[in-house]
>>> print(open('work19.pdb').read())   # PDB, C-alpha atoms and all ligand atoms
ATOM      1  CA  MET A  26       0.000   0.000   0.000
ATOM      2  CA  ARG A  27       1.232   3.470  -0.876
ATOM      3  CA  GLY A  28       2.416   5.540   2.083
ATOM      4  CA  LYS A  29       1.015   8.853   3.225
ATOM      5  CA  PHE A  30       2.526  12.276   2.656
ATOM      6  CA  ILE A  31       2.292  14.817   5.482
ATOM      7  CA  THR A  32       3.556  18.395   5.301
ATOM      8  CA  PHE A  33       4.222  20.969   8.040
ATOM      9  CA  GLU A  34       3.752  24.648   7.213
ATOM     10  CA  GLY A  35       3.695  28.060   8.856
ATOM     11  CA  ILE A  36       5.488  31.393   8.851
ATOM     12  CA  ASP A  37       9.007  31.586  10.288
ATOM     13  CA  GLY A  38       8.772  31.493  14.078
ATOM     14  CA  ALA A  39       5.490  29.543  14.170
ATOM     15  CA  GLY A  40       7.321  26.672  15.882
ATOM     16  CA  LYS A  41       6.419  23.850  13.476
ATOM     17  CA  SER A  42       9.895  22.282  13.469
ATOM     18  CA  THR A  43       9.632  21.559  17.221
ATOM     19  CA  HIS A  44       6.773  19.155  16.485
ATOM     20  CA  ILE A  45       8.040  17.235  13.470
ATOM     21  CA  ASP A  46      10.291  14.780  15.302
ATOM     22  CA  TRP A  47       7.580  14.176  17.892
ATOM     23  CA  VAL A  48       4.954  13.323  15.232
ATOM     24  CA  ALA A  49       7.480  11.104  13.440
ATOM     25  CA  ALA A  50       8.227   9.282  16.709
ATOM     26  CA  ARG A  51       4.480   8.750  17.359
ATOM     27  CA  LEU A  52       4.027   7.309  13.874
ATOM     28  CA  ARG A  53       7.084   5.063  14.213
ATOM     29  CA  GLU A  54       5.380   3.382  17.179
ATOM     30  CA  ARG A  55       2.630   2.169  14.878
ATOM     31  CA  LYS A  56       2.920  -1.412  13.691
ATOM     32  CA  ASP A  57       0.471  -1.022  10.802
ATOM     33  CA  ILE A  58       2.497   1.376   8.641
ATOM     34  CA  GLY A  59       5.857   1.381   6.856
ATOM     35  CA  ALA A  60       8.959   3.371   7.809
ATOM     36  CA  VAL A  61       8.637   7.117   8.422
ATOM     37  CA  VAL A  62      10.928   9.416   6.431
ATOM     38  CA  THR A  63      11.439  13.016   7.622
ATOM     39  CA  THR A  64      12.702  15.581   5.165
ATOM     40  CA  ARG A  65      12.520  19.303   4.373
ATOM     41  CA  GLU A  66      12.188  21.941   1.682
ATOM     42  CA  PRO A  67      14.009  23.634   0.226
ATOM     43  CA  GLY A  68      16.392  20.703   0.571
ATOM     44  CA  GLY A  69      15.919  17.007   1.217
ATOM     45  CA  THR A  70      18.508  15.893  -1.385
ATOM     46  CA  PRO A  71      22.203  16.827  -1.813
ATOM     47  CA  LEU A  72      21.320  19.074  -4.775
ATOM     48  CA  GLY A  73      18.313  20.494  -2.932
ATOM     49  CA  GLU A  74      20.460  21.367   0.089
ATOM     50  CA  ASP A  75      22.897  23.240  -2.202
ATOM     51  CA  LEU A  76      19.948  25.118  -3.713
ATOM     52  CA  ARG A  77      18.718  25.856  -0.172
ATOM     53  CA  GLN A  78      21.964  27.668   0.643
ATOM     54  CA  ILE A  79      21.577  29.803  -2.470
ATOM     55  CA  LEU A  80      17.878  30.434  -1.868
ATOM     56  CA  LEU A  81      18.291  31.425   1.774
ATOM     57  CA  HIS A  82      21.305  33.673   1.327
ATOM     58  CA  ARG A  83      21.479  35.125  -2.199
ATOM     59  CA  LYS A  84      19.384  37.951  -3.577
ATOM     60  CA  MET A  85      17.625  37.094  -6.833
ATOM     61  CA  HIS A  86      14.658  37.944  -9.046
ATOM     62  CA  LEU A  87      11.455  36.639  -7.529
ATOM     63  CA  GLU A  88      10.753  34.390 -10.501
ATOM     64  CA  THR A  89      14.250  32.911 -10.216
ATOM     65  CA  GLU A  90      13.449  32.213  -6.576
ATOM     66  CA  ALA A  91      10.188  30.457  -7.447
ATOM     67  CA  LEU A  92      11.849  28.443 -10.219
ATOM     68  CA  LEU A  93      14.675  27.311  -7.937
ATOM     69  CA  MET A  94      12.167  26.303  -5.236
ATOM     70  CA  PHE A  95      10.420  24.120  -7.793
ATOM     71  CA  ALA A  96      13.718  22.812  -9.213
ATOM     72  CA  ALA A  97      14.726  21.656  -5.722
ATOM     73  CA  ARG A  98      11.212  20.193  -5.313
ATOM     74  CA  ARG A  99      11.455  18.269  -8.598
ATOM     75  CA  GLU A 100      14.628  16.592  -7.367
ATOM     76  CA  HIS A 101      13.115  15.965  -3.940
ATOM     77  CA  ILE A 102      10.019  14.294  -5.409
ATOM     78  CA  ALA A 103      12.048  12.141  -7.798
ATOM     79  CA  GLU A 104      14.759  11.102  -5.350
ATOM     80  CA  VAL A 105      13.003  10.940  -2.002
ATOM     81  CA  ILE A 106       9.247  11.461  -1.848
ATOM     82  CA  GLU A 107       7.897   9.249  -4.648
ATOM     83  CA  PRO A 108      10.272   6.322  -4.009
ATOM     84  CA  ALA A 109       9.346   6.360  -0.309
ATOM     85  CA  LEU A 110       5.586   6.532  -0.939
ATOM     86  CA  ASP A 111       5.909   3.748  -3.530
ATOM     87  CA  ARG A 112       7.692   1.553  -0.966
ATOM     88  CA  GLY A 113       4.789   2.128   1.416
ATOM     89  CA  ASP A 114       6.797   4.444   3.677
ATOM     90  CA  TRP A 115       5.291   7.620   5.085
ATOM     91  CA  VAL A 116       6.908  10.978   4.336
ATOM     92  CA  ILE A 117       6.852  14.008   6.627
ATOM     93  CA  SER A 118       8.188  17.155   4.992
ATOM     94  CA  ASP A 119       9.042  20.371   6.795
ATOM     95  CA  ARG A 120       7.410  22.612   4.115
ATOM     96  CA  PHE A 121       6.289  21.862   0.578
ATOM     97  CA  THR A 122       4.419  23.743  -2.176
ATOM     98  CA  ASP A 123       2.064  25.659   0.112
ATOM     99  CA  ALA A 124       5.199  27.532   1.237
ATOM    100  CA  THR A 125       5.832  28.681  -2.332
ATOM    101  CA  PHE A 126       2.265  29.936  -2.687
ATOM    102  CA  ALA A 127       2.511  31.660   0.702
ATOM    103  CA  TYR A 128       6.034  33.162   0.443
ATOM    104  CA  GLN A 129       6.634  33.742  -3.280
ATOM    105  CA  GLY A 130       2.921  34.241  -4.053
ATOM    106  CA  GLY A 131       1.499  35.945  -0.949
ATOM    107  CA  GLY A 132       4.706  37.464   0.440
ATOM    108  CA  ARG A 133       6.432  38.547  -2.767
ATOM    109  CA  GLY A 134       3.363  38.917  -4.982
ATOM    110  CA  LEU A 135       4.158  36.439  -7.766
ATOM    111  CA  ALA A 136       1.019  35.580  -9.749
ATOM    112  CA  THR A 137      -0.688  32.429  -8.518
ATOM    113  CA  ALA A 138      -1.219  31.246 -12.118
ATOM    114  CA  ARG A 139       2.577  31.074 -12.598
ATOM    115  CA  LEU A 140       2.940  28.960  -9.488
ATOM    116  CA  GLU A 141       0.055  26.716 -10.461
ATOM    117  CA  ALA A 142       1.715  26.051 -13.826
ATOM    118  CA  LEU A 143       4.929  24.996 -12.071
ATOM    119  CA  GLU A 144       2.982  22.927  -9.563
ATOM    120  CA  ASP A 145       1.245  21.017 -12.383
ATOM    121  CA  TRP A 146       4.545  20.395 -14.135
ATOM    122  CA  VAL A 147       6.626  19.390 -11.153
ATOM    123  CA  GLN A 148       4.060  17.497  -9.074
ATOM    124  CA  ALA A 149       2.002  15.869 -11.820
ATOM    125  CA  GLY A 150      -0.898  15.473  -9.381
ATOM    126  CA  LEU A 151       1.139  14.698  -6.240
ATOM    127  CA  GLN A 152      -0.406  16.464  -3.213
ATOM    128  CA  PRO A 153       0.068  15.957   0.511
ATOM    129  CA  ASP A 154      -2.546  13.755   2.202
ATOM    130  CA  LEU A 155      -2.412  16.073   5.212
ATOM    131  CA  THR A 156      -0.985  19.554   5.782
ATOM    132  CA  LEU A 157      -0.542  20.856   9.326
ATOM    133  CA  LEU A 158      -0.527  24.645   9.290
ATOM    134  CA  PHE A 159       1.006  26.139  12.440
ATOM    135  CA  ASP A 160      -0.617  29.522  12.726
ATOM    136  CA  VAL A 161       0.545  32.360  14.979
ATOM    137  CA  PRO A 162       0.152  36.140  15.000
ATOM    138  CA  LEU A 163       3.186  38.054  13.787
ATOM    139  CA  GLU A 164       4.085  39.277  17.281
ATOM    140  CA  THR A 165       4.448  35.709  18.561
ATOM    141  CA  ALA A 166       6.468  34.634  15.534
ATOM    142  CA  SER A 167       8.907  37.527  15.713
ATOM    143  CA  ALA A 168       9.320  37.139  19.485
ATOM    144  CA  ARG A 169      10.248  33.472  18.900
ATOM    145  CA  LEU A 170      12.743  34.398  16.192
ATOM    146  CA  ALA A 171      14.355  37.226  18.168
ATOM    147  CA  GLY A 172      17.607  36.172  19.715
ATOM    148  CA  ALA A 173      17.925  33.107  17.495
ATOM    149  CA  ARG A 174      20.850  32.790  15.060
ATOM    150  CA  ALA A 175      21.407  35.536  12.458
ATOM    151  CA  PRO A 176      18.269  35.764  10.288
ATOM    152  CA  ASP A 177      18.377  34.360   6.751
ATOM    153  CA  LYS A 178      17.001  36.244   3.727
ATOM    154  CA  PHE A 179      13.397  35.295   4.486
ATOM    155  CA  GLU A 180      13.552  35.740   8.256
ATOM    156  CA  ALA A 181      14.836  39.287   7.679
ATOM    157  CA  GLU A 182      11.696  40.206   5.689
ATOM    158  CA  SER A 183       9.272  42.915   6.824
ATOM    159  CA  ARG A 184       6.261  42.517   9.012
ATOM    160  CA  ALA A 185       4.027  43.308   6.004
ATOM    161  CA  PHE A 186       5.671  40.452   4.074
ATOM    162  CA  PHE A 187       4.832  37.977   6.853
ATOM    163  CA  GLU A 188       1.288  39.330   7.199
ATOM    164  CA  ARG A 189       0.748  38.571   3.501
ATOM    165  CA  THR A 190       2.440  35.177   3.824
ATOM    166  CA  ARG A 191       0.296  34.210   6.800
ATOM    167  CA  ALA A 192      -2.877  35.445   5.069
ATOM    168  CA  GLU A 193      -2.095  33.339   1.999
ATOM    169  CA  TYR A 194      -1.510  30.240   4.130
ATOM    170  CA  LEU A 195      -4.865  30.770   5.856
ATOM    171  CA  ARG A 196      -6.599  31.408   2.533
ATOM    172  CA  ARG A 197      -5.250  28.142   1.130
ATOM    173  CA  ALA A 198      -6.265  26.270   4.282
ATOM    174  CA  ALA A 199      -9.817  27.605   3.973
ATOM    175  CA  GLN A 200      -9.911  26.539   0.330
ATOM    176  CA  ALA A 201      -8.799  22.963   1.012
ATOM    177  CA  PRO A 202     -10.276  22.065   4.426
ATOM    178  CA  GLY A 203     -10.048  18.344   3.677
ATOM    179  CA  ARG A 204      -6.256  18.478   3.433
ATOM    180  CA  PHE A 205      -5.384  21.182   5.974
ATOM    181  CA  ARG A 206      -5.557  21.220   9.754
ATOM    182  CA  VAL A 207      -4.854  24.673  11.194
ATOM    183  CA  ILE A 208      -3.146  24.522  14.565
ATOM    184  CA  ASP A 209      -3.226  27.469  16.939
ATOM    185  CA  ALA A 210       0.501  27.557  17.581
ATOM    186  CA  THR A 211       0.226  30.127  20.376
ATOM    187  CA  GLN A 212      -0.692  27.161  22.612
ATOM    188  CA  SER A 213       1.898  25.399  24.756
ATOM    189  CA  ILE A 214       3.904  22.514  23.315
ATOM    190  CA  GLU A 215       1.877  20.101  25.485
ATOM    191  CA  GLN A 216      -1.464  21.459  24.269
ATOM    192  CA  ILE A 217      -0.320  21.245  20.662
ATOM    193  CA  ARG A 218       0.803  17.647  21.197
ATOM    194  CA  VAL A 219      -2.668  16.678  22.426
ATOM    195  CA  GLU A 220      -4.121  18.135  19.238
ATOM    196  CA  LEU A 221      -1.496  16.463  17.034
ATOM    197  CA  GLU A 222      -2.086  13.107  18.696
ATOM    198  CA  LYS A 223      -5.771  13.281  17.746
ATOM    199  CA  ILE A 224      -5.074  14.295  14.168
ATOM    200  CA  VAL A 225      -2.409  11.642  13.660
ATOM    201  CA  SER A 226      -4.506   8.881  15.215
ATOM    202  CA  MET A 227      -7.130   9.462  12.544
ATOM    203  CA  LEU A 228      -4.703   8.813   9.664
TER     204      LEU A 228
HETATM  205  P1  LIG A 301      12.710  26.773   7.130
HETATM  206  O1  LIG A 301      13.454  27.851   7.848
HETATM  207  O2  LIG A 301      11.358  26.494   7.688
HETATM  208  O3  LIG A 301      13.514  25.539   6.890
HETATM  209  O4  LIG A 301      12.370  27.360   5.667
HETATM  210  C1  LIG A 301      13.291  27.989   4.898
HETATM  211  C2  LIG A 301      12.783  29.292   4.365
HETATM  212  O5  LIG A 301      12.442  29.149   2.986
HETATM  213  C3  LIG A 301      11.572  29.843   5.069
HETATM  214  O6  LIG A 301      11.822  31.207   5.368
HETATM  215  C4  LIG A 301      10.480  29.747   4.041
HETATM  216  C5  LIG A 301      11.208  29.775   2.728
HETATM  217  N1  LIG A 301      10.542  29.036   1.640
HETATM  218  C6  LIG A 301       9.990  29.753   0.589
HETATM  219  O7  LIG A 301      10.068  30.968   0.547
HETATM  220  N2  LIG A 301       9.381  29.051  -0.426
HETATM  221  C7  LIG A 301       9.292  27.683  -0.430
HETATM  222  O8  LIG A 301       8.738  27.105  -1.367
HETATM  223  C8  LIG A 301       9.873  26.959   0.676
HETATM  224  C9  LIG A 301       9.808  25.472   0.699
HETATM  225  C10 LIG A 301      10.476  27.682   1.692
END
>>> encode(input="work19.pdb", output="structure tokens", more="lines below")
Ligand code: TMP
Amino acid sequence: MRGKFITFEGIDGAGKSTHIDWVAARLRERKDIGAVVTTREPGGTPLGEDLRQILLHRKMHLETEALLMFAARREHIAEVIEPALDRGDWVISDRFTDATFAYQGGGRGLATARLEALEDWVQAGLQPDLTLLFDVPLETASARLAGARAPDKFEAESRAFFERTRAEYLRRAAQAPGRFRVIDATQSIEQIRVELEKIVSML
């Protein structure tokens, strides 16, 4: 049986990464499913990780940025995601295409039609079975980021950029309620785990 594909999303500082290993560990306890692969975007392959360094630290035209995100994704799907799902393994990815719609589309203003064309090409119908959107107000996100390591190109963006990014994530979640679960990430880690446990147990 083909595995399931789960993605974690949210603006920088939403705290999603804290929960990925925990969800993976919960799933690994289950006897009825295959192995659980955790991965991330941009990245997830040697080429993708090289592209990540460029994407997070070099200035570039916004269309170049979107194209490189999808180039890294093409490699990731071919090398990691599809082979794992075909083996019956489950894949958990820290970000996927919703991030491109939210950041390059919502944040930077690239036309959605452009992104949809790339999505059709690169994914050929592949979509996550479940997307967990960690949602927080901007104040919470920036407080969590403050004091962390030096900000990358995206983390250094303006408040208005993250307002647009968050709004686009929420818009997409409202449009695809069957795939998305929006998590109020202002809650404590323990409260969020209770919610995640319920969601994951229904998969
Ligand atoms: P991370 O810090 O959650 O690993 O994500 C890396 C950054 O890349 C984050 O600021 C969001 C950004 N990003 C995009 O702008 N578009 C995308 O398609 C992806 C996957 C990430």
>>> resolve_selection(input="work19.pdb", expression="the PyMOL selection byres (((chain A and resi 193) around 10) and not hetatm)", output="PyMOL selection string")
chain A and resi 123-124+126-128+130-132+187-192+194-199
>>> residues_near_ligand(input="work19.pdb", ligand="ligand LIG 301 (chain A)", cutoff="10 Å", atoms="all atoms listed in the file", output="MDAnalysis selection string")
chainID A and resid 33:42 65:68 77:78 80:81 87 90:95 97:98 118:130 132:133 176:182 187 190
>>> resolve_selection(input="work19.pdb", expression="the PyMOL selection byres (((chain A and resi 160) around 6) and not hetatm)", output="VMD selection string")
chain A and resid 35 158 to 159 161 208 to 210
>>> resolve_selection(input="work19.pdb", expression="the PyMOL selection byres (((chain A and resi 99-116) around 8) and not hetatm)", output="list in words")
Met26, Arg27, Gly28, Lys29, Phe30, Ile31, Ile58, Gly59, Ala60, Val61, Val62, Thr63, Thr64, Gly68, Gly69, Thr70, Leu72, Gly73, Phe95, Ala96, Ala97, Arg98, Ile117, Ser118, Val147 and Gln148 of chain A
>>> atom_distance(input="work19.pdb", atom1="CA of Ala136 in chain A", atom2="CA of Ala201 in chain A")
19.3 Å
>>> closest_residue(input="work19.pdb", among="A:Ser183, A:Gly172, A:Thr43, A:Ala50", to="Ser213 in chain A", atoms="all atoms listed in the file")
A:Thr43
>>> decode(input="work19.pdb", residues="range 170-181 of chain A", atoms="all heavy atoms", output="tab-separated table (two decimals), in the first residue's frame")
chain	number	residue	atom	x	y	z
A	170	LEU	N	11.54	34.34	17.04
A	170	LEU	CA	12.74	34.40	16.19
A	170	LEU	C	13.83	35.27	16.82
A	170	LEU	O	15.01	35.05	16.59
A	170	LEU	CB	12.40	34.96	14.81
A	170	LEU	CG	11.70	34.02	13.84
A	170	LEU	CD1	11.42	34.74	12.53
A	170	LEU	CD2	12.53	32.76	13.57
A	171	ALA	N	13.39	36.28	17.59
A	171	ALA	CA	14.36	37.23	18.17
A	171	ALA	C	15.35	36.48	19.04
A	171	ALA	O	14.98	35.60	19.81
A	171	ALA	CB	13.61	38.28	18.99
A	172	GLY	N	16.60	36.80	18.88
A	172	GLY	CA	17.61	36.17	19.71
A	172	GLY	C	18.11	34.85	19.16
A	172	GLY	O	19.10	34.32	19.63
A	173	ALA	N	17.42	34.33	18.14
A	173	ALA	CA	17.93	33.11	17.50
A	173	ALA	C	19.15	33.48	16.65
A	173	ALA	O	19.56	34.65	16.63
A	173	ALA	CB	16.83	32.49	16.64
A	174	ARG	N	19.68	32.51	15.92
A	174	ARG	CA	20.85	32.79	15.06
A	174	ARG	C	20.56	33.94	14.09
A	174	ARG	O	19.42	34.36	13.94
A	174	ARG	CB	21.19	31.52	14.28
A	174	ARG	CG	20.00	31.07	13.48
A	174	ARG	CD	20.13	29.73	12.84
A	174	ARG	NE	18.82	29.26	12.44
A	174	ARG	CZ	18.08	29.81	11.49
A	174	ARG	NH1	18.53	30.84	10.82
A	174	ARG	NH2	16.88	29.33	11.21
A	175	ALA	N	21.59	34.42	13.39
A	175	ALA	CA	21.41	35.54	12.46
A	175	ALA	C	20.32	35.18	11.45
A	175	ALA	O	20.31	34.06	10.93
A	175	ALA	CB	22.72	35.81	11.74
A	176	PRO	N	19.38	36.09	11.18
A	176	PRO	CA	18.27	35.76	10.29
A	176	PRO	C	18.73	35.53	8.85
A	176	PRO	O	19.65	36.19	8.38
A	176	PRO	CB	17.38	37.01	10.37
A	176	PRO	CG	18.23	38.10	10.91
A	176	PRO	CD	19.29	37.45	11.72
A	177	ASP	N	18.09	34.54	8.17
A	177	ASP	CA	18.38	34.36	6.75
A	177	ASP	C	17.56	35.37	5.95
A	177	ASP	O	16.87	36.22	6.51
A	177	ASP	CB	18.14	32.89	6.32
A	177	ASP	CG	16.69	32.46	6.47
A	177	ASP	OD1	15.78	33.27	6.21
A	177	ASP	OD2	16.47	31.28	6.85
A	178	LYS	N	17.64	35.26	4.62
A	178	LYS	CA	17.00	36.24	3.73
A	178	LYS	C	15.50	36.37	4.00
A	178	LYS	O	14.95	37.47	3.99
A	178	LYS	CB	17.25	35.78	2.28
A	178	LYS	CG	16.93	36.77	1.22
A	178	LYS	CD	17.25	36.17	-0.15
A	178	LYS	CE	16.12	35.31	-0.66
A	178	LYS	NZ	16.41	34.66	-1.95
A	179	PHE	N	14.84	35.24	4.26
A	179	PHE	CA	13.40	35.30	4.49
A	179	PHE	C	13.08	35.82	5.89
A	179	PHE	O	12.20	36.66	6.06
A	179	PHE	CB	12.77	33.91	4.28
A	179	PHE	CG	12.84	33.46	2.85
A	179	PHE	CD1	13.79	32.53	2.45
A	179	PHE	CD2	11.99	33.98	1.89
A	179	PHE	CE1	13.88	32.13	1.12
A	179	PHE	CE2	12.06	33.59	0.56
A	179	PHE	CZ	13.01	32.65	0.18
A	180	GLU	N	13.82	35.32	6.87
A	180	GLU	CA	13.55	35.74	8.26
A	180	GLU	C	13.75	37.25	8.44
A	180	GLU	O	13.18	37.84	9.36
A	180	GLU	CB	14.46	34.96	9.22
A	180	GLU	CG	14.06	33.49	9.33
A	180	GLU	CD	15.14	32.60	9.91
A	180	GLU	OE1	16.29	33.07	10.11
A	180	GLU	OE2	14.85	31.41	10.15
A	181	ALA	N	14.57	37.85	7.57
A	181	ALA	CA	14.84	39.29	7.68
A	181	ALA	C	13.76	40.12	6.98
A	181	ALA	O	13.85	41.35	6.95
A	181	ALA	CB	16.22	39.59	7.09
